[in-house]
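J.: This one is structure-v6.cif, mmCIF, C-alpha atoms.
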data_entry
#
loop_
_atom_site.label_atom_id
_atom_site.label_comp_id
_atom_site.auth_asym_id
_atom_site.auth_seq_id
_atom_site.Cartn_x
_atom_site.Cartn_y
_atom_site.Cartn_z
CA MET W 902 51.34 183.40 117.84
CA GLY W 903 51.10 182.04 114.31
CA ILE W 904 50.71 178.35 113.53
CA PRO W 905 49.56 176.42 116.68
CA LEU W 906 52.02 173.69 117.68
CA TRP W 907 52.21 170.93 120.25
CA GLN W 908 55.24 172.78 121.67
CA ASP W 909 52.86 175.64 122.67
CA ASP W 910 51.10 173.52 125.28
CA ILE W 911 53.85 171.32 126.69
CA THR W 912 54.58 171.54 130.43
CA GLU W 913 57.79 171.23 132.39
CA GLU W 914 56.61 167.91 133.84
CA SER W 915 55.99 166.54 130.35
CA VAL W 916 59.44 167.65 129.20
CA ARG W 917 61.08 165.87 132.10
CA LEU W 918 59.06 162.68 131.53
CA ILE W 919 59.88 162.66 127.82
CA PHE W 920 63.61 162.92 128.44
CA MET W 921 63.41 160.24 131.13
CA ASP W 922 61.73 157.95 128.58
CA TYR W 923 64.67 158.54 126.22
CA GLY W 924 67.21 157.56 128.89
CA VAL W 925 68.50 161.07 129.60
CA ASN W 926 69.60 161.87 133.16
CA SER W 927 70.31 165.59 132.83
CA ILE W 928 69.10 168.20 130.38
CA GLN W 929 70.74 171.33 129.08
CA ILE W 930 68.65 174.43 128.59
CA LYS W 931 69.45 177.14 126.05
CA PHE W 932 67.24 180.24 126.00
CA LEU W 933 67.02 181.25 122.35
CA GLN W 934 67.34 184.80 121.03
CA ARG W 935 65.50 186.14 117.98
CA ASN W 936 68.47 185.46 115.69
CA HIS W 937 68.82 181.84 116.81
CA ASN W 938 67.32 179.99 113.87
CA SER W 939 68.22 177.86 110.87
CA LYS W 940 69.53 180.83 108.91
CA ASN W 941 71.99 182.12 111.49
CA GLN W 942 72.82 178.87 113.31
CA VAL W 943 72.37 178.66 117.07
CA TYR W 944 75.02 180.02 119.41
CA LEU W 945 75.67 177.44 122.16
CA ALA W 946 78.92 178.34 123.88
CA GLY W 947 82.17 180.25 123.71
CA ASP W 948 84.34 177.13 123.48
CA LEU W 949 83.92 173.42 122.80
CA SER W 950 85.08 172.67 126.33
CA GLU W 951 81.77 174.09 127.62
CA LEU W 952 80.01 171.25 125.77
CA ALA W 953 82.13 168.48 127.24
CA THR W 954 79.20 166.13 127.86
CA LEU W 955 78.24 165.99 124.18
CA PRO W 956 79.53 163.07 122.09
CA LEU W 957 81.29 164.36 118.99
CA GLY W 958 82.45 162.78 115.79
CA ASP W 959 85.91 163.50 114.42
CA ILE W 960 86.68 167.21 114.43
CA ARG W 961 87.56 168.47 110.95
CA PRO W 962 89.35 171.76 110.26
CA SER W 963 88.75 174.11 107.37
CA SER W 964 90.02 177.58 106.53
CA GLY W 965 87.69 180.41 107.49
CA THR W 966 86.88 183.57 105.61
CA SER W 967 86.97 186.08 108.48
CA ALA W 968 88.35 189.51 107.65
CA LYS W 969 90.06 189.68 111.04
CA LYS W 970 93.84 189.90 111.04
CA THR W 971 94.49 186.38 112.33
CA ALA W 972 96.77 183.50 111.45
CA GLY W 973 94.29 181.86 109.10
CA ALA W 974 91.07 182.00 111.17
CA PRO W 975 90.19 178.29 110.88
CA ILE W 976 86.78 176.76 111.46
CA TYR W 977 86.35 173.35 113.08
CA HIS W 978 83.38 171.11 112.27
CA ALA W 979 82.27 168.25 114.52
CA PRO W 980 79.30 166.01 113.57
CA ILE W 981 77.01 165.16 116.49
CA PRO W 982 74.45 162.32 116.91
CA TRP W 983 71.46 164.65 117.27
CA THR W 984 67.89 163.28 117.35
CA TRP W 985 64.80 165.49 117.45
CA ILE W 986 61.90 164.52 119.68
CA GLY W 987 58.48 164.83 118.06
CA PRO W 988 54.91 164.35 119.34
CA PHE W 989 54.79 160.73 118.15
CA GLY W 990 58.39 159.60 118.31
CA SER W 991 61.82 160.84 117.29
CA SER W 992 64.11 160.94 114.27
CA PRO W 993 67.80 161.73 113.74
CA ALA W 994 69.14 164.91 112.19
CA PRO W 995 71.95 163.43 110.05
CA SER W 996 73.48 166.79 109.10
CA ALA W 997 73.67 168.23 112.62
CA GLN W 998 77.10 169.48 113.62
CA LEU W 999 78.89 171.84 115.95
CA VAL W 1000 80.88 174.59 114.25
CA PHE W 1001 83.70 176.10 116.31
CA TYR W 1002 85.05 179.55 115.38
CA PRO W 1003 88.14 179.94 117.62
CA GLN W 1004 88.87 183.46 116.40
CA TYR W 1005 85.78 184.84 118.16
CA PRO W 1006 85.52 182.36 119.99
CA GLU W 1007 82.10 180.70 119.70
CA VAL W 1008 80.45 177.36 119.02
CA ARG W 1009 77.27 177.17 116.95
CA LEU W 1010 74.80 174.40 116.15
CA SER W 1011 74.36 173.96 112.40
CA GLY W 1012 72.54 171.67 109.97
CA PHE W 1013 70.10 170.69 112.70
CA LEU W 1014 66.84 170.66 110.70
CA ARG W 1015 67.85 168.94 107.49
CA GLY W 1016 66.70 165.34 107.05
CA SER W 1017 64.77 164.96 110.32
CA ARG W 1018 61.05 164.19 110.26
CA ASP W 1019 60.58 165.57 113.78
CA ALA W 1020 62.71 168.70 113.46
CA PRO W 1021 61.08 171.88 114.89
CA ASN W 1022 60.96 173.54 111.48
CA VAL W 1023 58.25 176.06 112.32
CA LEU W 1024 59.92 177.26 115.53
CA MET W 1025 63.39 177.45 113.96
CA SER W 1026 62.64 178.83 110.51
CA PRO W 1027 63.13 182.63 110.19
CA THR W 1028 60.23 182.78 107.69
CA SER W 1029 57.81 181.24 110.21
CA ARG W 1030 58.18 181.44 114.01
CA GLY W 1031 61.97 181.23 114.11
CA GLN W 1032 62.39 184.79 115.40
CA GLU W 1033 59.91 184.45 118.23
CA ALA W 1034 61.06 185.52 121.68
CA GLY W 1035 61.10 183.12 124.61
CA ARG W 1036 61.79 179.87 122.74
CA VAL W 1037 63.83 177.32 124.64
CA LEU W 1038 66.11 174.64 123.22
CA ILE W 1039 66.31 171.63 125.53
CA PHE W 1040 68.66 168.71 124.93
CA GLY W 1041 70.34 165.87 126.78
CA VAL W 1042 72.56 162.85 126.21
CA ASN W 1043 71.65 159.19 126.53
CA THR W 1044 75.13 158.06 127.51
CA THR W 1045 74.37 154.38 126.88
CA ALA W 1046 73.21 154.94 123.31
CA ASP W 1047 75.65 157.84 122.74
CA LYS W 1048 72.83 159.98 121.33
CA ILE W 1049 71.73 163.56 121.91
CA PHE W 1050 67.98 164.09 122.14
CA GLY W 1051 66.56 167.57 121.68
CA LEU W 1052 63.37 169.56 121.40
CA VAL W 1053 62.35 173.20 121.15
CA VAL W 1054 59.40 174.62 123.11
CA SER W 1055 57.74 177.91 122.25
CA GLY W 1056 57.89 180.96 124.46
CA PHE W 1057 54.14 180.67 125.03
CA SER W 1058 54.41 177.19 126.54
CA PRO W 1059 54.06 176.45 130.26
CA ALA W 1060 57.43 174.67 130.01
CA ALA W 1061 59.22 177.81 128.79
CA GLN W 1062 57.65 179.87 131.56
CA ALA W 1063 58.66 177.29 134.19
CA PHE W 1064 62.23 176.88 132.95
CA SER W 1065 62.71 180.67 132.93
CA ARG W 1066 63.60 180.41 136.65
CA TYR W 1067 67.00 179.09 135.51
CA LYS W 1068 67.66 182.05 133.22
CA ASP W 1069 70.44 184.49 134.02
CA ASP W 1070 72.31 187.25 132.21
CA SER W 1071 75.30 185.12 131.21
CA GLY W 1072 73.64 183.48 128.21
CA ARG W 1073 75.35 180.20 129.11
CA ILE W 1074 73.66 176.85 128.86
CA THR W 1075 72.09 175.68 132.12
CA THR W 1076 72.37 172.00 133.08
CA ILE W 1077 69.82 170.45 135.43
CA PRO W 1078 68.95 166.86 136.40
CA VAL W 1079 65.81 165.40 134.82
CA ARG W 1080 64.60 164.29 138.24
CA GLU W 1081 63.99 167.35 140.37
CA GLU W 1082 64.85 165.62 143.64
CA ILE W 1083 68.52 165.36 142.57
CA SER W 1084 70.65 168.31 143.65
CA THR W 1085 71.52 170.64 140.79
CA ASP W 1086 74.72 171.87 142.46
CA SER W 1087 77.34 169.49 141.06
CA ARG W 1088 80.12 171.63 142.54
CA LEU W 1089 78.73 171.23 146.06
CA ASN W 1090 78.07 167.53 145.50
CA LEU W 1091 81.68 167.01 144.44
CA ILE W 1092 83.07 168.94 147.41
CA ARG W 1093 81.00 166.84 149.81
CA GLU W 1094 82.24 163.62 148.22
CA LEU W 1095 85.87 164.74 148.35
CA ALA W 1096 85.44 165.66 152.03
CA ARG W 1097 84.05 162.18 152.70
CA ILE W 1098 86.96 160.50 150.91
CA HIS W 1099 89.50 162.70 152.72
CA ALA W 1100 88.00 161.65 156.07
CA MET W 1101 88.45 157.95 155.17
CA GLY W 1102 92.24 158.29 155.45
CA TRP W 1103 94.43 155.62 153.88
CA LEU W 1104 92.66 153.53 151.22
CA GLU W 1105 93.76 150.34 149.50
CA ALA W 1106 94.48 150.78 145.80
CA CYS W 1107 91.40 149.77 143.82
CA GLU W 1108 89.49 150.40 140.63
CA LEU W 1109 85.86 150.18 139.60
CA PRO W 1110 85.13 148.11 136.47
CA ALA W 1111 81.88 148.31 134.53
CA SER W 1112 80.42 145.57 136.73
CA GLY W 1113 80.30 148.03 139.63
CA ILE W 1114 82.24 145.71 141.94
CA PRO W 1115 85.57 147.22 143.10
CA ARG W 1116 88.73 145.18 142.54
CA PRO W 1117 92.40 145.63 143.50
CA CYS W 1118 94.46 147.97 141.35
CA ARG W 1119 98.13 147.57 140.49
CA GLY W 1120 100.35 149.96 138.60
CA PRO W 1121 101.36 153.64 138.49
CA ARG W 1122 97.87 154.95 137.65
CA CYS W 1123 96.15 153.57 140.74
CA GLY W 1124 96.11 156.93 142.51
CA GLY W 1125 93.54 158.21 140.01
CA HIS W 1126 91.66 154.92 139.76
CA THR W 1127 91.30 154.66 143.54
CA LEU W 1128 89.89 158.17 143.84
CA GLU W 1129 87.50 157.56 140.95
CA ALA W 1130 86.36 154.24 142.44
CA HIS W 1131 85.38 155.93 145.69
CA LEU W 1132 83.54 158.59 143.71
CA GLY W 1133 81.59 155.83 141.95
CA ILE W 1134 83.27 156.47 138.61
CA PRO W 1135 83.84 153.26 136.58
CA LEU W 1136 86.88 152.67 134.40
CA ASN W 1137 86.37 154.07 130.93
CA GLY W 1138 88.28 155.72 128.15
CA ALA W 1139 85.50 158.09 127.19
CA PRO W 1140 86.56 161.72 126.63
CA ALA W 1141 83.87 163.11 128.94
CA PRO W 1142 83.72 164.54 132.46
CA ASP W 1143 83.83 162.11 135.39
CA PHE W 1144 81.55 163.51 138.09
CA GLY W 1145 78.59 165.47 136.74
CA GLU W 1146 80.20 168.18 134.65
CA TRP W 1147 83.53 167.90 136.52
CA GLU W 1148 86.71 166.17 135.41
CA VAL W 1149 88.52 164.89 138.51
CA LYS W 1150 92.31 164.59 138.48
CA GLN W 1151 94.62 163.54 141.30
CA HIS W 1152 98.25 164.56 141.52
CA ALA W 1153 100.95 163.28 143.85
CA VAL W 1154 102.39 165.63 146.47
CA THR W 1155 104.90 165.14 149.25
CA SER W 1156 102.95 167.32 151.69
CA PHE W 1157 99.30 168.31 151.94
CA ASP W 1158 100.53 171.64 153.29
CA ARG W 1159 101.87 172.38 149.79
CA PRO W 1160 99.24 170.92 147.43
CA GLY W 1161 100.16 173.40 144.68
CA VAL W 1162 103.61 171.86 144.19
CA GLY W 1163 103.97 169.11 141.61
CA THR W 1164 103.13 168.23 138.02
CA ILE W 1165 99.79 167.24 136.50
CA THR W 1166 99.10 165.18 133.39
CA LEU W 1167 96.51 167.02 131.29
CA PHE W 1168 95.87 164.30 128.72
CA THR W 1169 97.57 161.50 126.78
CA PRO W 1170 96.60 161.71 123.07
CA GLU W 1171 98.42 159.54 120.57
CA PRO W 1172 99.96 161.30 117.53
CA ASP W 1173 98.00 161.50 114.30
CA LEU W 1174 100.78 163.04 112.19
CA GLY W 1175 104.35 162.23 111.20
CA ALA W 1176 106.31 159.00 110.96
CA TYR W 1177 105.02 157.83 114.37
CA ALA W 1178 101.44 157.85 113.08
CA LEU W 1179 102.49 155.92 109.96
CA ASN W 1180 104.86 153.37 111.51
CA GLY W 1181 103.55 152.93 115.03
CA VAL W 1182 104.82 153.24 118.58
CA ASP W 1183 107.25 150.29 118.44
CA TRP W 1184 109.06 151.77 115.44
CA PHE W 1185 109.17 155.17 117.11
CA VAL W 1186 110.64 154.07 120.45
CA ARG W 1187 113.14 151.66 118.90
CA THR W 1188 114.25 154.35 116.41
CA HIS W 1189 114.36 157.39 118.68
CA GLY W 1190 114.43 155.85 122.15
CA ILE W 1191 117.41 154.81 124.26
CA MET W 1192 118.40 151.19 124.84
CA GLY W 1193 118.82 150.31 128.50
CA ASN W 1194 121.80 148.49 129.98
CA THR W 1195 119.84 145.23 130.01
CA GLN W 1196 119.58 145.32 126.20
CA ILE W 1197 115.92 144.26 126.41
CA ARG W 1198 114.20 147.62 126.73
CA TYR W 1199 113.96 150.92 124.86
CA ASP W 1200 112.65 154.09 126.50
CA PHE W 1201 111.63 157.46 125.08
CA THR W 1202 111.37 159.99 127.89
CA GLY W 1203 112.27 163.59 128.67
CA ARG W 1204 110.51 166.93 129.17
CA HIS W 1205 110.20 168.51 125.74
CA MET W 1206 109.03 172.12 125.51
CA VAL W 1207 108.78 174.76 122.81
CA THR W 1208 112.17 176.46 123.17
CA GLY W 1209 113.55 176.57 119.63
CA ALA W 1210 116.21 173.97 120.43
CA PRO W 1211 116.36 170.16 120.30
CA HIS W 1212 116.08 168.16 123.49
CA PRO W 1213 119.59 167.30 124.74
CA LYS W 1214 118.76 163.62 125.28
CA THR W 1215 116.47 162.70 122.37
CA GLY W 1216 117.75 165.17 119.78
CA LEU W 1217 114.15 165.99 118.77
CA GLU W 1218 112.72 169.50 118.94
CA LEU W 1219 109.15 170.25 120.04
CA ILE W 1220 107.55 172.85 117.78
CA LEU W 1221 104.22 174.67 117.71
CA ASN W 1222 103.30 175.21 114.08
CA GLY W 1223 100.40 177.42 112.99
CA TYR W 1224 99.80 179.44 116.14
CA SER W 1225 100.43 183.17 116.59
CA SER W 1226 101.01 184.39 120.15
CA ARG W 1227 100.83 187.96 118.89
CA TYR W 1228 97.33 187.59 117.44
CA LYS W 1229 96.24 184.67 119.68
CA ALA W 1230 95.10 182.82 116.55
CA MET W 1231 95.70 179.54 114.77
CA THR W 1232 95.69 178.04 111.29
CA ALA W 1233 93.52 175.16 110.14
CA ASP W 1234 96.53 172.91 109.49
CA GLY W 1235 98.36 173.76 112.73
CA TYR W 1236 99.99 171.14 114.91
CA VAL W 1237 102.30 170.39 117.81
CA GLY W 1238 105.17 168.18 116.68
CA LEU W 1239 108.58 166.65 117.22
CA VAL W 1240 111.04 167.28 114.39
CA ASP W 1241 114.49 165.81 113.82
CA SER W 1242 117.69 167.61 112.86
CA HIS W 1243 116.57 167.66 109.21
CA GLY W 1244 113.28 169.34 110.08
CA ASP W 1245 111.28 166.21 109.28
CA LEU W 1246 108.15 165.62 111.34
CA VAL W 1247 108.75 162.53 113.44
CA SER W 1248 105.61 162.76 115.56
CA GLY W 1249 102.76 165.25 115.58
CA TRP W 1250 99.35 166.13 116.96
CA SER W 1251 97.04 168.17 114.76
CA PHE W 1252 95.11 170.98 116.42
CA ALA W 1253 91.94 169.08 115.54
CA LYS W 1254 93.17 166.01 117.45
CA LEU W 1255 94.22 168.05 120.48
CA LEU W 1256 90.98 170.02 120.40
CA GLN W 1257 88.99 166.77 120.43
CA HIS W 1258 90.69 165.72 123.66
CA TRP W 1259 90.60 169.17 125.24
CA GLN W 1260 86.87 169.56 124.53
CA GLY W 1261 85.91 166.53 126.57
CA LYS W 1262 87.92 167.07 129.71
CA HIS W 1263 88.70 170.49 131.03
CA ALA W 1264 85.81 172.99 131.22
CA PHE W 1265 85.30 172.15 134.91
CA ALA W 1266 88.25 170.43 136.55
CA ALA W 1267 89.02 169.44 140.13
CA TYR W 1268 92.67 168.78 141.01
CA VAL W 1269 93.01 166.66 144.14
CA PRO W 1270 96.37 166.15 145.94
CA SER W 1271 97.27 162.60 146.91
CA GLN W 1272 99.92 160.69 148.84
CA SER W 1273 100.81 157.01 148.69
CA GLN W 1274 102.55 154.32 150.69
CA SER W 1275 104.37 152.42 147.98
CA ASP W 1276 105.96 149.95 150.38
CA SER W 1277 102.56 148.62 151.45
CA VAL W 1278 100.95 145.60 149.82
CA PRO W 1279 98.52 146.56 148.47
CA ARG W 1280 99.62 150.13 147.95
CA LEU W 1281 97.73 152.70 150.02
CA TYR W 1282 96.50 156.16 149.00
CA ARG W 1283 95.00 159.12 150.80
CA TYR W 1284 93.65 162.41 149.47
CA GLY W 1285 94.07 165.97 150.72
CA ASN W 1286 91.36 168.39 151.76
CA ARG W 1287 92.76 171.40 149.86
CA VAL W 1288 91.70 170.94 146.24
CA ILE W 1289 91.84 173.20 143.22
CA LEU W 1290 88.57 173.90 141.43
CA ALA W 1291 89.11 175.38 137.97
CA GLU W 1292 86.37 176.64 135.66
CA GLY W 1293 86.23 178.08 132.18
CA THR W 1294 88.91 177.16 129.68
CA ARG W 1295 89.52 177.61 125.98
CA PHE W 1296 91.66 175.72 123.52
CA GLY W 1297 93.47 178.97 122.76
CA LEU W 1298 94.69 179.06 126.37
CA PHE W 1299 96.18 175.60 125.90
CA LEU W 1300 98.07 176.72 122.78
CA GLU W 1301 99.30 179.89 124.48
CA ALA W 1302 100.57 177.81 127.41
CA MET W 1303 102.39 175.56 124.94
CA ALA W 1304 103.97 178.58 123.26
CA ARG W 1305 105.19 179.91 126.63
CA GLY W 1306 106.65 176.55 127.65
CA ALA W 1307 104.20 176.11 130.53
CA ILE W 1308 102.90 172.86 129.02
CA VAL W 1309 105.51 170.23 128.21
CA TYR W 1310 105.48 166.97 126.29
CA ASP W 1311 106.73 164.48 128.86
CA PRO W 1312 106.31 160.95 127.43
CA GLY W 1313 106.77 157.62 129.10
CA ILE W 1314 107.03 155.37 126.04
CA LYS W 1315 108.77 152.01 126.15
CA SER W 1316 109.21 148.72 124.31
CA GLU W 1317 110.41 145.54 126.02
CA LEU W 1318 111.64 142.22 124.68
CA ASN W 1319 109.37 139.51 126.04
CA GLY W 1320 110.07 135.83 126.64
CA ASN W 1321 108.92 134.94 123.12
CA GLY W 1322 111.54 137.15 121.52
CA ARG W 1323 109.03 139.82 120.52
CA TRP W 1324 109.14 143.50 121.30
CA THR W 1325 106.10 144.71 123.26
CA PRO W 1326 105.56 148.48 123.11
CA LYS W 1327 103.59 150.65 125.50
CA ALA W 1328 102.48 154.11 124.40
CA ARG W 1329 102.16 157.03 126.80
CA SER W 1330 102.32 160.45 125.14
CA GLN W 1331 101.75 162.82 128.05
CA PHE W 1332 101.18 166.56 127.99
CA ARG W 1333 101.87 167.90 131.47
CA ILE W 1334 101.94 171.17 133.37
CA ALA W 1335 103.34 172.28 136.72
CA THR W 1336 100.59 172.76 139.29
CA LYS W 1337 101.75 176.33 139.93
CA MET W 1338 101.11 177.13 136.24
CA LEU W 1339 97.59 175.66 136.03
CA SER W 1340 95.86 178.99 136.53
CA CYS W 1341 96.93 180.16 133.06
CA LEU W 1342 94.48 177.64 131.57
CA TYR W 1343 91.33 178.85 133.34
CA ASP W 1344 89.12 181.90 133.84
CA GLU W 1345 88.37 180.96 137.45
CA PHE W 1346 90.90 179.17 139.63
CA ASN W 1347 90.40 178.64 143.34
CA GLU W 1348 91.87 176.52 146.12
CA VAL W 1349 89.06 175.15 148.26
CA ASP W 1350 89.23 173.42 151.63
CA VAL W 1351 86.55 170.75 151.30
CA LEU W 1352 86.23 170.57 155.09
CA ARG W 1353 85.12 174.20 155.32
CA ILE W 1354 82.18 174.21 152.89
#
Written as structure tokens, how would this file's structure read?
T.:
Amino acid sequence: MGIPLWQDDITEESVRLIFMDYGVNSIQIKFLQRNHNSKNQVYLAGDLSELATLPLGDIRPSSGTSAKKTAGAPIYHAPIPWTWIGPFGSSPAPSAQLVFYPQYPEVRLSGFLRGSRDAPNVLMSPTSRGQEAGRVLIFGVNTTADKIFGLVVSGFSPAAQAFSRYKDDSGRITTIPVREEISTDSRLNLIRELARIHAMGWLEACELPASGIPRPCRGPRCGGHTLEAHLGIPLNGAPAPDFGEWEVKQHAVTSFDRPGVGTITLFTPEPDLGAYALNGVDWFVRTHGIMGNTQIRYDFTGRHMVTGAPHPKTGLELILNGYSSRYKAMTADGYVGLVDSHGDLVSGWSFAKLLQHWQGKHAFAAYVPSQSQSDSVPRLYRYGNRVILAEGTRFGLFLEAMARGAIVYDPGIKSELNGNGRWTPKARSQFRIATKMLSCLYDEFNEVDVLRI
């Protein structure tokens, strides 16, 4: 066994209590292979979207050195707030980061030992016990502190033996609640909640602030806010799943008998490239938008897709730069952008920016059909029983869907002249997809009747 460690004797109960003390509600379990150590990095997942619950720093691209015939084979680095748990406390690992290799694809944990007093050096060093079979990496997020706490237990420990009941042949990370009495089946929990909300019928538009006390909701986004409020999801702008590991999205339909008809907003990232990023949304909409008949409002709208031609209304062309459909590969400096007739980049989203948003939202997604009564005061909403449950996505699937024109840039940007004579802009850069095309983004895609589970 080598050098005796405290991680040789730790029990499952102790592991759970430790993570509870650090404010963690659910833990993720990774069963380590012999080559998972500080020399080879630790394989965590096939795509960043599988690690949606982890808080990441800004994703940074760099060019890779793979010999594969790809369009540049970039590598993406994302610092993470990792803290190792030791026998007498904890200490951060300031160099910890996730490294995403999209050409394989795979995500690895790197730099995780350096600079941390409590790092599991013996169990993760290849010159000590870092090639031992049966080791288990356990980590979880304190969402309040936005920190990841982790520890490694040896294969000889009672904890490793106990947690082995969650092991399967997939090699994927297993997520379980810290408290055993909580159901581990987040999919079933979500279905039950959606069935309950469907049975409630028409609901007044509402939203759930951080206080936990529902309040009336007004505006075009109340369909989503109302559903989230009844699921107990407070308003937040965090790029993380809503319900357990699931991101919940509602989409308006005219009939519950045809819930697969309509359009869904995937996400709304603001540009980080081009003149828009430099000059701001007000400049953009007043330069490239259309003035209304009232002379007090500019709008920039229209479904822009990668077609090789400018949009007939805006005159701007949507391009996908740095992605090869043939090789299903991307370059480190790739981007989605709007260019003018001179080829100048007016507005753009780097792959790193888009990847950051995609990572936090779409690994497990539930798409719920909704209807509204807009003539009611307050507005009323109800939610259908036939929902789409989608699992397993990759950023490469997003780019391929962009290249095929399945995903469109469909903004709703405006600027209005207020009573003080000032222009007030509102940004809304939407990437959307037709419901019937959603399946191209996922490995598993199923319509489920929540009343029949």
J.: Translate the PyMOL selection byres ((chain W and resi 1267) around 8), as applied to the file shown, into an explicit residue set as an MDAnalysis selection string.
T.: chainID W and resid 1147:1150 1265:1266 1268:1269 1288:1291
J.: On this structure, which residues satisfy the PyMOL selection byres ((chain W and resi 1152-1154) around 12), written as a ChimeraX atom specification?
T.: /W:1121-1126,1128,1149-1151,1155-1167,1267-1274,1282-1285,1287-1289,1333-1336
J.: How far is it from CA of Leu1298 (chain W) to CA of Gln929 (chain W), in Å with one decimal?
T.: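 Pair CA of Leu1298 (chain W) / CA of Gln929 (chain W) returns 25.3 Å.
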J.: Excluding same-chain residues fewer than 5 positions from Val1053 (chain W), what lies within 8 Å of it counting all atoms listed in the file, as a list in words?
T.: Gln908, Pro1021, Leu1024, Arg1036, Val1037, Leu1038 and Ile1039 of chain W
J.: Quick check on the file I pasted: which residues fall under the PyMOL selection byres ((chain W and resi 1233) around 6)? Write them as a compact mmCIF listing (two decimals) with C-alpha atoms, in the frame of the given file.
T.:
# COMPACT_ATOMS: atom_id res chain seq x y z
CA PRO W 962 89.35 171.76 110.26
CA SER W 963 88.75 174.11 107.37
CA SER W 964 90.02 177.58 106.53
CA PRO W 975 90.19 178.29 110.88
CA THR W 1232 95.69 178.04 111.29
CA ASP W 1234 96.53 172.91 109.49
CA GLY W 1235 98.36 173.76 112.73
J.: At what distance in Å, to one decimal, does CA of Ala1307 (chain W) lie from CA of Met1192 (chain W)?
T.: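 CA of Ala1307 (chain W) lies 29.2 Å from CA of Met1192 (chain W).
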J.: Given the choices W:Arg1018, W:His1131, W:Lys1327, W:Arg1116, which gets closest to Leu1091 (chain W) if the distance is worked out from all atoms listed in the file?
T.: W:His1131
J.: Just need the box for region 1096-1109 of chain W, edges along x, y and z, holding every atom the file lists for it with 3 Å tacked onto each side, so centre and edge lengths in Å to one decimal, as lines of an AutoDock Vina configuration file.
T.:
center_x = 89.3
center_y = 157.7
center_z = 147.8
size_x = 16.4
size_y = 21.9
size_z = 22.5
J.: Which distance in Å separates CA of Pro1312 (chain W) and CA of Arg1329 (chain W), to one decimal?
T.: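 Value for the CA of Pro1312 (chain W)-CA of Arg1329 (chain W) distance: 5.7 Å.
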